[in-house]
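Structure below is query.cif: mmCIF, N, CA and C atoms.
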```cif
data_coords
loop_
_atom_site.label_atom_id
_atom_site.label_comp_id
_atom_site.auth_asym_id
_atom_site.auth_seq_id
_atom_site.Cartn_x
_atom_site.Cartn_y
_atom_site.Cartn_z
N MET A 1 281.94 169.59 -107.35
CA MET A 1 281.86 169.77 -108.79
C MET A 1 283.26 169.60 -109.39
N LEU A 2 283.36 168.79 -110.40
CA LEU A 2 284.64 168.55 -111.06
C LEU A 2 284.83 169.53 -112.21
N ASP A 3 286.02 170.09 -112.29
CA ASP A 3 286.32 170.94 -113.44
C ASP A 3 287.22 170.14 -114.40
N ALA A 4 287.62 170.76 -115.50
CA ALA A 4 288.41 170.07 -116.52
C ALA A 4 289.74 169.57 -115.97
N ALA A 5 290.37 170.34 -115.09
CA ALA A 5 291.65 169.92 -114.51
C ALA A 5 291.46 168.70 -113.60
N ASP A 6 290.36 168.66 -112.85
CA ASP A 6 290.08 167.50 -112.00
C ASP A 6 289.91 166.25 -112.86
N ILE A 7 289.16 166.37 -113.92
CA ILE A 7 288.91 165.23 -114.81
C ILE A 7 290.21 164.76 -115.44
N LYS A 8 291.04 165.69 -115.87
CA LYS A 8 292.33 165.33 -116.46
C LYS A 8 293.22 164.65 -115.42
N LEU A 9 293.19 165.14 -114.18
CA LEU A 9 293.97 164.54 -113.11
C LEU A 9 293.49 163.11 -112.84
N LEU A 10 292.20 162.90 -112.78
CA LEU A 10 291.66 161.56 -112.54
C LEU A 10 292.04 160.60 -113.67
N ALA A 11 291.94 161.07 -114.91
CA ALA A 11 292.31 160.23 -116.05
C ALA A 11 293.79 159.87 -115.99
N TYR A 12 294.62 160.83 -115.64
CA TYR A 12 296.06 160.60 -115.55
C TYR A 12 296.38 159.58 -114.45
N LEU A 13 295.74 159.72 -113.30
CA LEU A 13 296.01 158.80 -112.19
C LEU A 13 295.53 157.38 -112.48
N GLN A 14 294.48 157.24 -113.30
CA GLN A 14 294.04 155.89 -113.66
C GLN A 14 295.09 155.17 -114.49
N LYS A 15 295.90 155.92 -115.21
CA LYS A 15 296.95 155.31 -116.03
C LYS A 15 298.25 155.19 -115.26
N ASN A 16 298.47 156.07 -114.27
CA ASN A 16 299.71 156.04 -113.49
C ASN A 16 299.42 156.50 -112.07
N ALA A 17 299.02 155.57 -111.23
CA ALA A 17 298.66 155.90 -109.85
C ALA A 17 299.87 156.33 -109.02
N GLN A 18 301.07 156.05 -109.50
CA GLN A 18 302.27 156.42 -108.78
C GLN A 18 302.77 157.82 -109.16
N ALA A 19 302.00 158.53 -109.94
CA ALA A 19 302.42 159.87 -110.37
C ALA A 19 302.67 160.77 -109.16
N THR A 20 303.75 161.49 -109.22
CA THR A 20 304.08 162.44 -108.15
C THR A 20 303.33 163.74 -108.41
N ALA A 21 303.37 164.61 -107.42
CA ALA A 21 302.77 165.94 -107.60
C ALA A 21 303.47 166.66 -108.74
N GLN A 22 304.77 166.45 -108.89
CA GLN A 22 305.51 167.05 -110.00
C GLN A 22 304.98 166.53 -111.34
N ASP A 23 304.79 165.21 -111.45
CA ASP A 23 304.25 164.61 -112.68
C ASP A 23 302.88 165.18 -113.00
N LEU A 24 302.02 165.24 -111.98
CA LEU A 24 300.66 165.74 -112.18
C LEU A 24 300.68 167.22 -112.58
N GLY A 25 301.53 167.98 -111.94
CA GLY A 25 301.64 169.40 -112.27
C GLY A 25 302.02 169.60 -113.73
N GLU A 26 303.00 168.83 -114.19
CA GLU A 26 303.42 168.95 -115.59
C GLU A 26 302.29 168.53 -116.54
N ALA A 27 301.59 167.46 -116.21
CA ALA A 27 300.51 166.97 -117.07
C ALA A 27 299.34 167.95 -117.11
N LEU A 28 299.09 168.65 -115.99
CA LEU A 28 297.94 169.55 -115.90
C LEU A 28 298.29 171.01 -116.13
N ASN A 29 299.57 171.27 -116.31
CA ASN A 29 300.04 172.64 -116.46
C ASN A 29 299.72 173.47 -115.21
N LEU A 30 300.00 172.84 -114.04
CA LEU A 30 299.81 173.47 -112.74
C LEU A 30 301.11 173.32 -111.95
N SER A 31 301.22 174.06 -110.88
CA SER A 31 302.37 173.86 -110.00
C SER A 31 302.19 172.52 -109.28
N PRO A 32 303.28 171.90 -108.86
CA PRO A 32 303.15 170.63 -108.13
C PRO A 32 302.29 170.77 -106.87
N SER A 33 302.38 171.89 -106.18
CA SER A 33 301.58 172.06 -104.97
C SER A 33 300.09 172.15 -105.31
N GLN A 34 299.74 172.85 -106.39
CA GLN A 34 298.33 172.93 -106.80
C GLN A 34 297.81 171.54 -107.20
N ALA A 35 298.62 170.81 -107.97
CA ALA A 35 298.21 169.46 -108.39
C ALA A 35 298.06 168.55 -107.17
N GLY A 36 298.98 168.65 -106.23
CA GLY A 36 298.92 167.83 -105.02
C GLY A 36 297.68 168.13 -104.19
N ARG A 37 297.33 169.42 -104.08
CA ARG A 37 296.12 169.79 -103.33
C ARG A 37 294.86 169.26 -104.02
N ARG A 38 294.85 169.32 -105.35
CA ARG A 38 293.69 168.78 -106.09
C ARG A 38 293.55 167.29 -105.82
N ARG A 39 294.68 166.57 -105.88
CA ARG A 39 294.63 165.13 -105.62
C ARG A 39 294.10 164.87 -104.21
N GLN A 40 294.59 165.60 -103.22
CA GLN A 40 294.14 165.41 -101.84
C GLN A 40 292.65 165.68 -101.71
N ARG A 41 292.16 166.72 -102.38
CA ARG A 41 290.73 167.03 -102.32
C ARG A 41 289.91 165.91 -102.95
N LEU A 42 290.36 165.40 -104.09
CA LEU A 42 289.63 164.32 -104.77
C LEU A 42 289.65 163.03 -103.94
N GLU A 43 290.73 162.80 -103.23
CA GLU A 43 290.78 161.66 -102.30
C GLU A 43 289.80 161.87 -101.16
N ALA A 44 289.83 163.05 -100.55
CA ALA A 44 288.96 163.36 -99.41
C ALA A 44 287.48 163.29 -99.79
N GLU A 45 287.16 163.69 -101.01
CA GLU A 45 285.77 163.69 -101.46
C GLU A 45 285.32 162.32 -101.97
N GLY A 46 286.23 161.35 -101.99
CA GLY A 46 285.85 159.99 -102.38
C GLY A 46 285.89 159.68 -103.86
N TYR A 47 286.34 160.61 -104.68
CA TYR A 47 286.48 160.31 -106.11
C TYR A 47 287.57 159.26 -106.33
N ILE A 48 288.62 159.33 -105.53
CA ILE A 48 289.70 158.35 -105.58
C ILE A 48 289.52 157.46 -104.36
N GLU A 49 289.22 156.19 -104.61
CA GLU A 49 288.97 155.26 -103.51
C GLU A 49 290.25 154.67 -102.94
N SER A 50 291.19 154.33 -103.81
CA SER A 50 292.43 153.72 -103.35
C SER A 50 293.42 153.68 -104.50
N TYR A 51 294.63 153.29 -104.18
CA TYR A 51 295.68 153.08 -105.18
C TYR A 51 296.10 151.63 -105.07
N VAL A 52 296.13 150.93 -106.19
CA VAL A 52 296.46 149.51 -106.17
C VAL A 52 297.45 149.18 -107.29
N ALA A 53 298.13 148.06 -107.13
CA ALA A 53 299.00 147.55 -108.19
C ALA A 53 298.20 146.52 -108.98
N ARG A 54 298.27 146.59 -110.29
CA ARG A 54 297.60 145.59 -111.13
C ARG A 54 298.59 144.46 -111.38
N LEU A 55 298.24 143.27 -110.95
CA LEU A 55 299.12 142.12 -111.06
C LEU A 55 298.75 141.26 -112.26
N ASP A 56 299.72 140.55 -112.80
CA ASP A 56 299.49 139.65 -113.93
C ASP A 56 299.08 138.29 -113.38
N PRO A 57 297.84 137.87 -113.57
CA PRO A 57 297.39 136.59 -113.01
C PRO A 57 298.18 135.40 -113.54
N ASN A 58 298.58 135.44 -114.79
CA ASN A 58 299.33 134.31 -115.36
C ASN A 58 300.69 134.15 -114.68
N LYS A 59 301.37 135.24 -114.40
CA LYS A 59 302.66 135.16 -113.73
C LYS A 59 302.52 134.63 -112.31
N LEU A 60 301.33 134.79 -111.73
CA LEU A 60 301.06 134.29 -110.38
C LEU A 60 300.51 132.87 -110.39
N GLY A 61 300.43 132.28 -111.58
CA GLY A 61 299.95 130.90 -111.68
C GLY A 61 298.44 130.78 -111.67
N LEU A 62 297.74 131.88 -111.82
CA LEU A 62 296.27 131.86 -111.85
C LEU A 62 295.83 131.69 -113.30
N ALA A 63 295.89 130.47 -113.79
CA ALA A 63 295.70 130.17 -115.20
C ALA A 63 294.23 130.12 -115.62
N VAL A 64 293.32 130.00 -114.67
CA VAL A 64 291.90 129.87 -115.00
C VAL A 64 291.14 131.09 -114.49
N GLN A 65 290.54 131.81 -115.43
CA GLN A 65 289.64 132.91 -115.09
C GLN A 65 288.25 132.44 -115.50
N CYS A 66 287.28 132.69 -114.64
CA CYS A 66 285.94 132.18 -114.89
C CYS A 66 284.90 133.18 -114.41
N PHE A 67 283.80 133.25 -115.11
CA PHE A 67 282.64 133.99 -114.66
C PHE A 67 281.59 132.97 -114.24
N VAL A 68 281.05 133.16 -113.06
CA VAL A 68 280.09 132.21 -112.50
C VAL A 68 278.78 132.94 -112.24
N GLN A 69 277.73 132.47 -112.89
CA GLN A 69 276.40 133.00 -112.63
C GLN A 69 275.78 132.13 -111.55
N VAL A 70 275.28 132.77 -110.51
CA VAL A 70 274.67 132.05 -109.39
C VAL A 70 273.18 132.36 -109.37
N HIS A 71 272.40 131.30 -109.33
CA HIS A 71 270.94 131.41 -109.27
C HIS A 71 270.50 130.90 -107.90
N LEU A 72 269.82 131.74 -107.15
CA LEU A 72 269.34 131.34 -105.84
C LEU A 72 268.03 130.60 -105.97
N HIS A 73 267.81 129.60 -105.14
CA HIS A 73 266.50 128.95 -105.10
C HIS A 73 265.66 129.53 -103.99
N SER A 74 266.30 130.27 -103.10
CA SER A 74 265.61 130.85 -101.96
C SER A 74 266.11 132.27 -101.74
N HIS A 75 265.21 133.23 -101.81
CA HIS A 75 265.58 134.64 -101.62
C HIS A 75 265.17 135.09 -100.22
N GLY A 76 265.75 136.15 -99.81
CA GLY A 76 265.43 136.72 -98.50
C GLY A 76 266.65 137.40 -97.94
N PRO A 77 266.45 138.31 -97.00
CA PRO A 77 267.57 139.09 -96.48
C PRO A 77 268.67 138.24 -95.86
N GLU A 78 268.31 137.20 -95.09
CA GLU A 78 269.35 136.39 -94.44
C GLU A 78 270.12 135.56 -95.46
N ASN A 79 269.43 135.01 -96.46
CA ASN A 79 270.14 134.24 -97.49
C ASN A 79 271.07 135.14 -98.29
N GLY A 80 270.61 136.34 -98.63
CA GLY A 80 271.46 137.27 -99.36
C GLY A 80 272.68 137.68 -98.55
N ALA A 81 272.48 137.96 -97.27
CA ALA A 81 273.58 138.35 -96.40
C ALA A 81 274.56 137.20 -96.20
N SER A 82 274.03 136.00 -96.05
CA SER A 82 274.87 134.82 -95.87
C SER A 82 275.70 134.56 -97.12
N PHE A 83 275.08 134.68 -98.28
CA PHE A 83 275.82 134.47 -99.52
C PHE A 83 276.88 135.56 -99.70
N ALA A 84 276.55 136.80 -99.36
CA ALA A 84 277.52 137.90 -99.45
C ALA A 84 278.72 137.64 -98.55
N ARG A 85 278.49 137.09 -97.36
CA ARG A 85 279.60 136.74 -96.46
C ARG A 85 280.48 135.65 -97.07
N LEU A 86 279.85 134.66 -97.69
CA LEU A 86 280.61 133.60 -98.35
C LEU A 86 281.49 134.20 -99.44
N VAL A 87 280.92 135.05 -100.28
CA VAL A 87 281.67 135.68 -101.37
C VAL A 87 282.84 136.49 -100.82
N ALA A 88 282.60 137.26 -99.78
CA ALA A 88 283.65 138.11 -99.20
C ALA A 88 284.78 137.28 -98.60
N SER A 89 284.49 136.06 -98.18
CA SER A 89 285.50 135.23 -97.51
C SER A 89 286.40 134.47 -98.48
N ARG A 90 286.09 134.48 -99.76
CA ARG A 90 286.84 133.66 -100.72
C ARG A 90 287.75 134.53 -101.58
N PRO A 91 289.07 134.39 -101.44
CA PRO A 91 289.99 135.20 -102.24
C PRO A 91 289.94 134.90 -103.73
N GLU A 92 289.48 133.70 -104.11
CA GLU A 92 289.39 133.36 -105.53
C GLU A 92 288.34 134.21 -106.25
N ILE A 93 287.35 134.67 -105.49
CA ILE A 93 286.28 135.50 -106.06
C ILE A 93 286.77 136.94 -105.96
N THR A 94 287.17 137.51 -107.10
CA THR A 94 287.78 138.84 -107.10
C THR A 94 286.76 139.95 -107.28
N SER A 95 285.60 139.66 -107.81
CA SER A 95 284.52 140.64 -107.93
C SER A 95 283.19 139.91 -107.93
N ALA A 96 282.17 140.62 -107.51
CA ALA A 96 280.83 140.04 -107.46
C ALA A 96 279.80 141.13 -107.66
N TRP A 97 278.77 140.80 -108.39
CA TRP A 97 277.70 141.75 -108.67
C TRP A 97 276.35 141.08 -108.46
N THR A 98 275.37 141.83 -107.99
CA THR A 98 273.99 141.36 -108.05
C THR A 98 273.47 141.78 -109.41
N MET A 99 272.61 140.96 -109.97
CA MET A 99 272.22 141.16 -111.36
C MET A 99 270.69 141.19 -111.52
N THR A 100 270.27 141.84 -112.60
CA THR A 100 268.90 141.66 -113.06
C THR A 100 268.94 140.52 -114.06
N GLY A 101 267.78 140.01 -114.43
CA GLY A 101 267.74 138.93 -115.40
C GLY A 101 267.70 137.58 -114.72
N GLU A 102 268.16 136.57 -115.43
CA GLU A 102 268.04 135.20 -114.94
C GLU A 102 268.91 134.92 -113.72
N ALA A 103 270.16 135.34 -113.75
CA ALA A 103 271.07 135.07 -112.64
C ALA A 103 270.90 136.13 -111.55
N ASP A 104 271.10 135.72 -110.32
CA ASP A 104 271.02 136.65 -109.21
C ASP A 104 272.36 137.32 -108.94
N TYR A 105 273.45 136.58 -109.16
CA TYR A 105 274.81 137.09 -108.93
C TYR A 105 275.71 136.70 -110.09
N LEU A 106 276.69 137.54 -110.33
CA LEU A 106 277.76 137.22 -111.27
C LEU A 106 279.06 137.36 -110.51
N LEU A 107 279.86 136.29 -110.50
CA LEU A 107 281.13 136.27 -109.79
C LEU A 107 282.27 136.17 -110.79
N ARG A 108 283.34 136.89 -110.54
CA ARG A 108 284.56 136.75 -111.32
C ARG A 108 285.55 136.00 -110.45
N VAL A 109 286.09 134.92 -110.98
CA VAL A 109 286.91 134.00 -110.21
C VAL A 109 288.24 133.77 -110.91
N PHE A 110 289.32 133.72 -110.14
CA PHE A 110 290.64 133.34 -110.65
C PHE A 110 291.10 132.13 -109.84
N CYS A 111 291.50 131.06 -110.53
CA CYS A 111 292.00 129.84 -109.89
C CYS A 111 293.29 129.40 -110.56
N HIS A 112 294.04 128.58 -109.85
CA HIS A 112 295.29 128.06 -110.39
C HIS A 112 295.04 127.02 -111.49
N ASP A 113 294.00 126.22 -111.31
CA ASP A 113 293.72 125.16 -112.28
C ASP A 113 292.24 124.80 -112.22
N LEU A 114 291.84 123.88 -113.11
CA LEU A 114 290.44 123.49 -113.17
C LEU A 114 289.99 122.75 -111.91
N GLN A 115 290.88 121.99 -111.30
CA GLN A 115 290.52 121.28 -110.07
C GLN A 115 290.17 122.26 -108.95
N GLU A 116 290.94 123.33 -108.85
CA GLU A 116 290.63 124.35 -107.83
C GLU A 116 289.28 125.01 -108.11
N LEU A 117 288.98 125.27 -109.38
CA LEU A 117 287.68 125.83 -109.75
C LEU A 117 286.57 124.83 -109.41
N ASN A 118 286.78 123.57 -109.74
CA ASN A 118 285.80 122.54 -109.44
C ASN A 118 285.52 122.47 -107.94
N THR A 119 286.55 122.53 -107.14
CA THR A 119 286.39 122.50 -105.68
C THR A 119 285.59 123.71 -105.20
N LEU A 120 285.92 124.89 -105.71
CA LEU A 120 285.20 126.09 -105.32
C LEU A 120 283.71 125.96 -105.66
N LEU A 121 283.42 125.48 -106.85
CA LEU A 121 282.02 125.38 -107.28
C LEU A 121 281.26 124.31 -106.50
N HIS A 122 281.84 123.10 -106.40
CA HIS A 122 281.11 121.96 -105.86
C HIS A 122 281.21 121.78 -104.35
N GLU A 123 282.23 122.36 -103.74
CA GLU A 123 282.37 122.17 -102.29
C GLU A 123 282.13 123.45 -101.50
N VAL A 124 282.06 124.60 -102.19
CA VAL A 124 281.88 125.87 -101.48
C VAL A 124 280.59 126.57 -101.92
N ILE A 125 280.44 126.83 -103.21
CA ILE A 125 279.30 127.63 -103.67
C ILE A 125 278.01 126.82 -103.73
N LEU A 126 278.02 125.67 -104.41
CA LEU A 126 276.79 124.89 -104.56
C LEU A 126 276.20 124.41 -103.23
N PRO A 127 277.01 124.04 -102.23
CA PRO A 127 276.41 123.61 -100.96
C PRO A 127 275.75 124.72 -100.14
N HIS A 128 275.96 125.98 -100.50
CA HIS A 128 275.33 127.06 -99.74
C HIS A 128 273.81 126.90 -99.79
N GLN A 129 273.16 127.11 -98.64
CA GLN A 129 271.73 126.83 -98.51
C GLN A 129 270.85 127.62 -99.48
N ALA A 130 271.27 128.77 -99.94
CA ALA A 130 270.41 129.58 -100.81
C ALA A 130 270.66 129.31 -102.29
N VAL A 131 271.75 128.64 -102.63
CA VAL A 131 272.13 128.46 -104.04
C VAL A 131 271.33 127.33 -104.66
N GLY A 132 270.70 127.64 -105.80
CA GLY A 132 269.96 126.64 -106.55
C GLY A 132 270.81 126.00 -107.61
N ARG A 133 271.50 126.83 -108.38
CA ARG A 133 272.38 126.31 -109.43
C ARG A 133 273.38 127.38 -109.82
N VAL A 134 274.42 126.93 -110.50
CA VAL A 134 275.44 127.84 -111.00
C VAL A 134 275.67 127.53 -112.48
N HIS A 135 276.12 128.53 -113.17
CA HIS A 135 276.49 128.38 -114.59
C HIS A 135 277.86 129.04 -114.73
N SER A 136 278.86 128.26 -115.09
CA SER A 136 280.21 128.84 -115.17
C SER A 136 280.65 128.96 -116.62
N GLN A 137 281.41 130.00 -116.87
CA GLN A 137 281.97 130.25 -118.19
C GLN A 137 283.46 130.54 -118.01
N ILE A 138 284.29 129.64 -118.54
CA ILE A 138 285.73 129.79 -118.41
C ILE A 138 286.22 130.70 -119.53
N VAL A 139 287.05 131.65 -119.17
CA VAL A 139 287.58 132.61 -120.13
C VAL A 139 288.67 131.92 -120.95
N MET A 140 288.53 131.97 -122.26
CA MET A 140 289.54 131.40 -123.15
C MET A 140 290.68 132.39 -123.38
N ALA A 141 290.32 133.64 -123.62
CA ALA A 141 291.30 134.72 -123.82
C ALA A 141 290.62 136.02 -123.44
N GLN A 142 291.37 136.90 -122.86
CA GLN A 142 290.84 138.22 -122.50
C GLN A 142 291.28 139.21 -123.55
N LEU A 143 290.33 139.78 -124.25
CA LEU A 143 290.63 140.70 -125.34
C LEU A 143 290.99 142.09 -124.86
N LYS A 144 290.47 142.47 -123.71
CA LYS A 144 290.73 143.80 -123.16
C LYS A 144 290.78 143.69 -121.65
N ARG A 145 291.83 144.21 -121.08
CA ARG A 145 291.95 144.21 -119.62
C ARG A 145 291.02 145.27 -119.04
N ASP A 146 290.78 145.17 -117.75
CA ASP A 146 289.97 146.18 -117.09
C ASP A 146 290.59 147.55 -117.41
N SER A 147 289.78 148.44 -117.87
CA SER A 147 290.25 149.72 -118.37
C SER A 147 289.92 150.84 -117.39
N PRO A 148 290.59 151.96 -117.55
CA PRO A 148 290.20 153.15 -116.77
C PRO A 148 288.75 153.53 -117.06
N LEU A 149 288.12 154.14 -116.08
CA LEU A 149 286.76 154.62 -116.28
C LEU A 149 286.77 155.77 -117.29
N PRO A 150 285.72 155.88 -118.08
CA PRO A 150 285.66 156.98 -119.07
C PRO A 150 285.27 158.30 -118.41
N VAL A 151 286.27 159.05 -117.94
CA VAL A 151 286.00 160.33 -117.29
C VAL A 151 286.03 161.47 -118.30
#
```
Representation of the structure as structure tokens:
Amino acid sequence: MLDAADIKLLAYLQKNAQATAQDLGEALNLSPSQAGRRRQRLEAEGYIESYVARLDPNKLGLAVQCFVQVHLHSHGPENGASFARLVASRPEITSAWTMTGEADYLLRVFCHDLQELNTLLHEVILPHQAVGRVHSQIVMAQLKRDSPLPV
């Protein structure tokens, strides 16, 4: 069960994952040791999955962000598992979801240029035995970056 201090700690860490126990203690009005123990408990209980650095894709030369809807022509456990393995093996695909509605999967892709995206679509995704068609949408501008969860 999360209390108000746990929720405040989680919100704080989403904005600054490098916060020290001292920082957390000051933000929560707790001693650093109490704040540190709370963080450890939330990590152990799985509320905090990991700590990561958010990188700027443009500075890394990843100029093309794209959402790709994948429609399968053939469903079944082996096709789903095979497609999931393909998705997991490709670093350009940074997130993937199974969907309700027309598309079966939604992929978020970052590429250096349009040629790299074209290669991914036409030489990797479309040739997969279960894939019927894809629909890609290239991001023109991102209005809001991935945000902290509303805790």
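Using all atoms listed in the file, the nearest neighbour of His75 in chain A within the list A:Ala130, A:Ala63, A:Leu121, A:Ala21 is A:Ala130.
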Quiz prompt | Selection result for the PyMOL selection byres (((chain A and resi 109-118 and name CA) around 7) and name CA) on this file, as a count of residues only | solution = 16
Exercise. Quick one: pull the distance between CA of Val68 in chain A and CA of Ser136 in chain A, Å, one decimal.
Key: 4.3 Å
Quiz item: In Å, with one decimal, what is the gap from atom N of Leu72 in chain A to atom N of Pro91 in chain A?
Solution: 20.3 Å
Tell me which residues the PyMOL selection byres ((chain A and resi 74) around 6.5) grabs here, as a PDB file with N, CA and C atoms, keeping the file's coordinate frame.
```
ATOM      1  N   HIS A  71     272.400 131.300-109.330  1.00  0.00           N
ATOM      2  CA  HIS A  71     270.940 131.410-109.270  1.00  0.00           C
ATOM      3  C   HIS A  71     270.500 130.900-107.900  1.00  0.00           C
ATOM      4  N   LEU A  72     269.820 131.740-107.150  1.00  0.00           N
ATOM      5  CA  LEU A  72     269.340 131.340-105.840  1.00  0.00           C
ATOM      6  C   LEU A  72     268.030 130.600-105.970  1.00  0.00           C
ATOM      7  N   HIS A  73     267.810 129.600-105.140  1.00  0.00           N
ATOM      8  CA  HIS A  73     266.500 128.950-105.100  1.00  0.00           C
ATOM      9  C   HIS A  73     265.660 129.530-103.990  1.00  0.00           C
ATOM     10  N   HIS A  75     265.210 133.230-101.810  1.00  0.00           N
ATOM     11  CA  HIS A  75     265.580 134.640-101.620  1.00  0.00           C
ATOM     12  C   HIS A  75     265.170 135.090-100.220  1.00  0.00           C
ATOM     13  N   GLY A  76     265.750 136.150 -99.810  1.00  0.00           N
ATOM     14  CA  GLY A  76     265.430 136.720 -98.500  1.00  0.00           C
ATOM     15  C   GLY A  76     266.650 137.400 -97.940  1.00  0.00           C
ATOM     16  N   ASN A  79     269.430 135.010 -96.460  1.00  0.00           N
ATOM     17  CA  ASN A  79     270.140 134.240 -97.490  1.00  0.00           C
ATOM     18  C   ASN A  79     271.070 135.140 -98.290  1.00  0.00           C
ATOM     19  N   GLN A 129     273.160 127.110 -98.640  1.00  0.00           N
ATOM     20  CA  GLN A 129     271.730 126.830 -98.510  1.00  0.00           C
ATOM     21  C   GLN A 129     270.850 127.620 -99.480  1.00  0.00           C
ATOM     22  N   ALA A 130     271.270 128.770 -99.940  1.00  0.00           N
ATOM     23  CA  ALA A 130     270.410 129.580-100.810  1.00  0.00           C
ATOM     24  C   ALA A 130     270.660 129.310-102.290  1.00  0.00           C
ATOM     25  N   VAL A 131     271.750 128.640-102.630  1.00  0.00           N
ATOM     26  CA  VAL A 131     272.130 128.460-104.040  1.00  0.00           C
ATOM     27  C   VAL A 131     271.330 127.330-104.660  1.00  0.00           C
ATOM     28  N   GLY A 132     270.700 127.640-105.800  1.00  0.00           N
ATOM     29  CA  GLY A 132     269.960 126.640-106.550  1.00  0.00           C
ATOM     30  C   GLY A 132     270.810 126.000-107.610  1.00  0.00           C
TER      31      GLY A 132
END
```
Exercise. Find the residues near Ala11 in chain A: any atom within 9 Å, counting only C-alpha atoms, skip ones fewer than 3 places away on the same chain, and give them as a VMD selection string.
Key: chain A and resid 6 to 8 14 to 16 148 to 151
Self-check item: strand (DSSP E) positions in chain A, given as an MDAnalysis selection string
Solution: chainID A and resid 64:72 93:98 105:111 131:138
Generate the output file for the selected residues, N, CA and C atoms, as a compact mmCIF listing (two decimals), in the frame of the given file.
```txt
# COMPACT_ATOMS: atom_id res chain seq x y z
N VAL A 64 293.32 130.00 -114.67
CA VAL A 64 291.90 129.87 -115.00
C VAL A 64 291.14 131.09 -114.49
N GLN A 65 290.54 131.81 -115.43
CA GLN A 65 289.64 132.91 -115.09
C GLN A 65 288.25 132.44 -115.50
N CYS A 66 287.28 132.69 -114.64
CA CYS A 66 285.94 132.18 -114.89
C CYS A 66 284.90 133.18 -114.41
N PHE A 67 283.80 133.25 -115.11
CA PHE A 67 282.64 133.99 -114.66
C PHE A 67 281.59 132.97 -114.24
N VAL A 68 281.05 133.16 -113.06
CA VAL A 68 280.09 132.21 -112.50
C VAL A 68 278.78 132.94 -112.24
N GLN A 69 277.73 132.47 -112.89
CA GLN A 69 276.40 133.00 -112.63
C GLN A 69 275.78 132.13 -111.55
N VAL A 70 275.28 132.77 -110.51
CA VAL A 70 274.67 132.05 -109.39
C VAL A 70 273.18 132.36 -109.37
N HIS A 71 272.40 131.30 -109.33
CA HIS A 71 270.94 131.41 -109.27
C HIS A 71 270.50 130.90 -107.90
N LEU A 72 269.82 131.74 -107.15
CA LEU A 72 269.34 131.34 -105.84
C LEU A 72 268.03 130.60 -105.97
N ILE A 93 287.35 134.67 -105.49
CA ILE A 93 286.28 135.50 -106.06
C ILE A 93 286.77 136.94 -105.96
N THR A 94 287.17 137.51 -107.10
CA THR A 94 287.78 138.84 -107.10
C THR A 94 286.76 139.95 -107.28
N SER A 95 285.60 139.66 -107.81
CA SER A 95 284.52 140.64 -107.93
C SER A 95 283.19 139.91 -107.93
N ALA A 96 282.17 140.62 -107.51
CA ALA A 96 280.83 140.04 -107.46
C ALA A 96 279.80 141.13 -107.66
N TRP A 97 278.77 140.80 -108.39
CA TRP A 97 277.70 141.75 -108.67
C TRP A 97 276.35 141.08 -108.46
N THR A 98 275.37 141.83 -107.99
CA THR A 98 273.99 141.36 -108.05
C THR A 98 273.47 141.78 -109.41
N TYR A 105 273.45 136.58 -109.16
CA TYR A 105 274.81 137.09 -108.93
C TYR A 105 275.71 136.70 -110.09
N LEU A 106 276.69 137.54 -110.33
CA LEU A 106 277.76 137.22 -111.27
C LEU A 106 279.06 137.36 -110.51
N LEU A 107 279.86 136.29 -110.50
CA LEU A 107 281.13 136.27 -109.79
C LEU A 107 282.27 136.17 -110.79
N ARG A 108 283.34 136.89 -110.54
CA ARG A 108 284.56 136.75 -111.32
C ARG A 108 285.55 136.00 -110.45
N VAL A 109 286.09 134.92 -110.98
CA VAL A 109 286.91 134.00 -110.21
C VAL A 109 288.24 133.77 -110.91
N PHE A 110 289.32 133.72 -110.14
CA PHE A 110 290.64 133.34 -110.65
C PHE A 110 291.10 132.13 -109.84
N CYS A 111 291.50 131.06 -110.53
CA CYS A 111 292.00 129.84 -109.89
C CYS A 111 293.29 129.40 -110.56
N VAL A 131 271.75 128.64 -102.63
CA VAL A 131 272.13 128.46 -104.04
C VAL A 131 271.33 127.33 -104.66
N GLY A 132 270.70 127.64 -105.80
CA GLY A 132 269.96 126.64 -106.55
C GLY A 132 270.81 126.00 -107.61
N ARG A 133 271.50 126.83 -108.38
CA ARG A 133 272.38 126.31 -109.43
C ARG A 133 273.38 127.38 -109.82
N VAL A 134 274.42 126.93 -110.50
CA VAL A 134 275.44 127.84 -111.00
C VAL A 134 275.67 127.53 -112.48
N HIS A 135 276.12 128.53 -113.17
CA HIS A 135 276.49 128.38 -114.59
C HIS A 135 277.86 129.04 -114.73
N SER A 136 278.86 128.26 -115.09
CA SER A 136 280.21 128.84 -115.17
C SER A 136 280.65 128.96 -116.62
N GLN A 137 281.41 130.00 -116.87
CA GLN A 137 281.97 130.25 -118.19
C GLN A 137 283.46 130.54 -118.01
N ILE A 138 284.29 129.64 -118.54
CA ILE A 138 285.73 129.79 -118.41
C ILE A 138 286.22 130.70 -119.53
```
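Across the model, the gap from CA of Ser147 in chain A to atom C of Arg54 in chain A is 12.1 Å.
The nearest approach to Ala27 in chain A among the residues A:Tyr12, A:Ala44, A:Ala53, A:Asp3, with all atoms listed in the file taken into account, belongs to A:Tyr12.
The smallest atom-to-atom distance between Thr20 in chain A and any of A:Lys59, A:Gln69, A:Leu2, A:Gly36, using only N, CA and C atoms, is found for A:Gly36.
All residues within range 62-128 of chain A that the backbone DSSP calculation assigns to helix (DSSP H, G or I) are Pro77, Glu78, Asn79, Gly80, Ala81, Ser82, Phe83, Ala84, Arg85, Leu86, Val87, Ala88, Ser89, Leu114, Gln115, Glu116, Leu117, Asn118, Thr119, Leu120, Leu121, His122, Glu123, Val124 and Ile125 of chain A.
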